[in-house]
Amino acid sequence: MAALPDSRPDMAGDVPPAAVEPGRVVEALELLLGPISDGDSAAEPALCPETLRSNAAALEERLSRAEGWAALRQLRAAVLSRAPALAAGMAGEEPGWATACGLLALLLCLKERLASLAASPAIPAAPGEPPPPGADTLSVGQERAVRRALRAALGLGLLPHLPPGLGPGPGPGLGPPGTRGPRLFAAVAALAELARLPALGAPLLARHLRLLLSALCGLGHGPTALCQ
């Protein structure tokens with residue numbers, strides 16, 4: 001996969017991560033996954049390694065050079081500094097796992113920004129008007145993109161690393177020997193952090209609880225299988 005950009009500021013200069021709008025993070029998620037034709041109701045198309053690499057390279061180019069993306073680049077760097085397994089996965093050569101790590105890192109960025117916005121003082125309603133949406137409220141289109149990103153993160157980050165017999169169906173091919181346990185742990189840790197925020201935890205647990213429980217069972221009761 002493309003190398004991660006360094007932490008040097010671009011022409012926009014140093015921009016505080018707090019300046020990142022949730023919509024910018026959602027835009028990055030969509031860029032990493034590429035377009036989809038039929039929206040949320042369609043099954044996620046199979047992404048070949050070349051497509052995953054191309055999407056990742058396009059995102060890194062946008063983060064490194066595009067105006068208005070410096071704050072997200074810095075926020076992602078801060079998130080990855082606290083999740084070294086995801087940082088190593090993004091810099092690795094396996095496109096499926098690298099994309100899963102990239103999606104989880106961006107979702108953690110979104111979680112951090114939404115949590116910060118939720119803690120900010122609410123805007124008072126005008127007399128006779130209903131309360132305005134909270135600052136951490138996502139639009140319908142943004143919620144759809146987040147659900148798609150969660151599906152892809154679990155499909156690329158959990159399913160290939162579950163021990164045989166866990167999860168819905170056989171799943172995709174197993175990860176390389178010796179990597180399944182550490183990768184499964186890294187993905188579950190990131191997803192558990194996302195679940196702490198209702199805006200992300202609700203779609204995650206409502207749609208993917210079974211898969212998360214399968215991963216937890218694998219980590220808790222299948223250490224031998226995970227090491228193979």
# chains A, B, ... in the order shown; residues from 1 in each chain; ligands from 1
$ select_by_dssp --residues "stretch 96-145 of chain A" --states "alpha helix (DSSP H)" --output "VMD selection string"
chain A and resid 96 to 118 140 to 145
$ write_last_selection --atoms "C-alpha atoms" --output "CSV table (one decimal), in the first residue's frame"
chain,number,residue,atom,x,y,z
A,96,GLY,CA,-7.2,-6.0,2.3
A,97,TRP,CA,-5.8,-5.6,5.8
A,98,ALA,CA,-4.3,-2.2,5.0
A,99,THR,CA,-7.7,-0.9,3.8
A,100,ALA,CA,-9.4,-2.3,7.0
A,101,CYS,CA,-6.8,-0.5,9.1
A,102,GLY,CA,-7.4,2.7,7.1
A,103,LEU,CA,-11.1,2.5,7.5
A,104,LEU,CA,-10.8,1.8,11.3
A,105,ALA,CA,-8.4,4.8,11.7
A,106,LEU,CA,-10.8,7.1,9.9
A,107,LEU,CA,-13.8,5.8,11.9
A,108,LEU,CA,-11.8,6.5,15.1
A,109,CYS,CA,-11.2,10.0,13.8
A,110,LEU,CA,-14.9,10.4,13.3
A,111,LYS,CA,-15.7,9.1,16.7
A,112,GLU,CA,-13.2,11.6,18.3
A,113,ARG,CA,-14.7,14.5,16.5
A,114,LEU,CA,-18.4,13.5,17.1
A,115,ALA,CA,-17.6,13.0,20.8
A,116,SER,CA,-16.0,16.5,21.0
A,117,LEU,CA,-19.0,18.1,19.2
A,118,ALA,CA,-21.5,16.2,21.5
A,140,VAL,CA,-28.8,10.6,6.1
A,141,GLY,CA,-26.1,10.3,3.4
A,142,GLN,CA,-23.3,10.5,6.0
A,143,GLU,CA,-24.9,7.7,8.1
A,144,ARG,CA,-25.2,5.6,4.9
A,145,ALA,CA,-21.5,6.1,4.2
$ residues_around --residues "A:Leu72" --least-positions-apart "2" --cutoff "12 Å" --atoms "only C-alpha atoms" --output "ChimeraX atom specification"
/A:5,7,9,14-29,59-60,62-70,74-79,105-110,112-113
$ atom_distance --atom1 "atom CA of A:Phe185" --atom2 "atom CA of A:Leu158"
9.2 Å
$ atom_distance --atom1 "atom CA of A:Thr51" --atom2 "atom CA of A:Leu31"
11.4 Å
$ closest_residue --among "A:Leu138, A:Leu154, A:Leu33, A:Leu219" --to "A:Arg207" --atoms "only C-alpha atoms"
A:Leu154
$ atom_distance --atom1 "atom CA of A:Pro182" --atom2 "atom CA of A:Ala58"
27.7 Å
$ closest_residue --among "A:Gly155, A:Pro95, A:Pro198, A:Gly181" --to "A:Ala57" --atoms "only C-alpha atoms"
A:Pro95
$ closest_atom_pairs --of "stretch 51-83 of chain A" --to "stretch 190-197 of chain A" --cutoff "12 Å" --atoms "only C-alpha atoms" --output "JSON lines"
{"residue": "A:Val79", "atom": "CA", "partner": "A:Ala190", "partner_atom": "CA", "distance": 10.6}
{"residue": "A:Leu80", "atom": "CA", "partner": "A:Ala190", "partner_atom": "CA", "distance": 10.9}
{"residue": "A:Arg82", "atom": "CA", "partner": "A:Ala190", "partner_atom": "CA", "distance": 10.6}
{"residue": "A:Ala83", "atom": "CA", "partner": "A:Ala190", "partner_atom": "CA", "distance": 8.3}
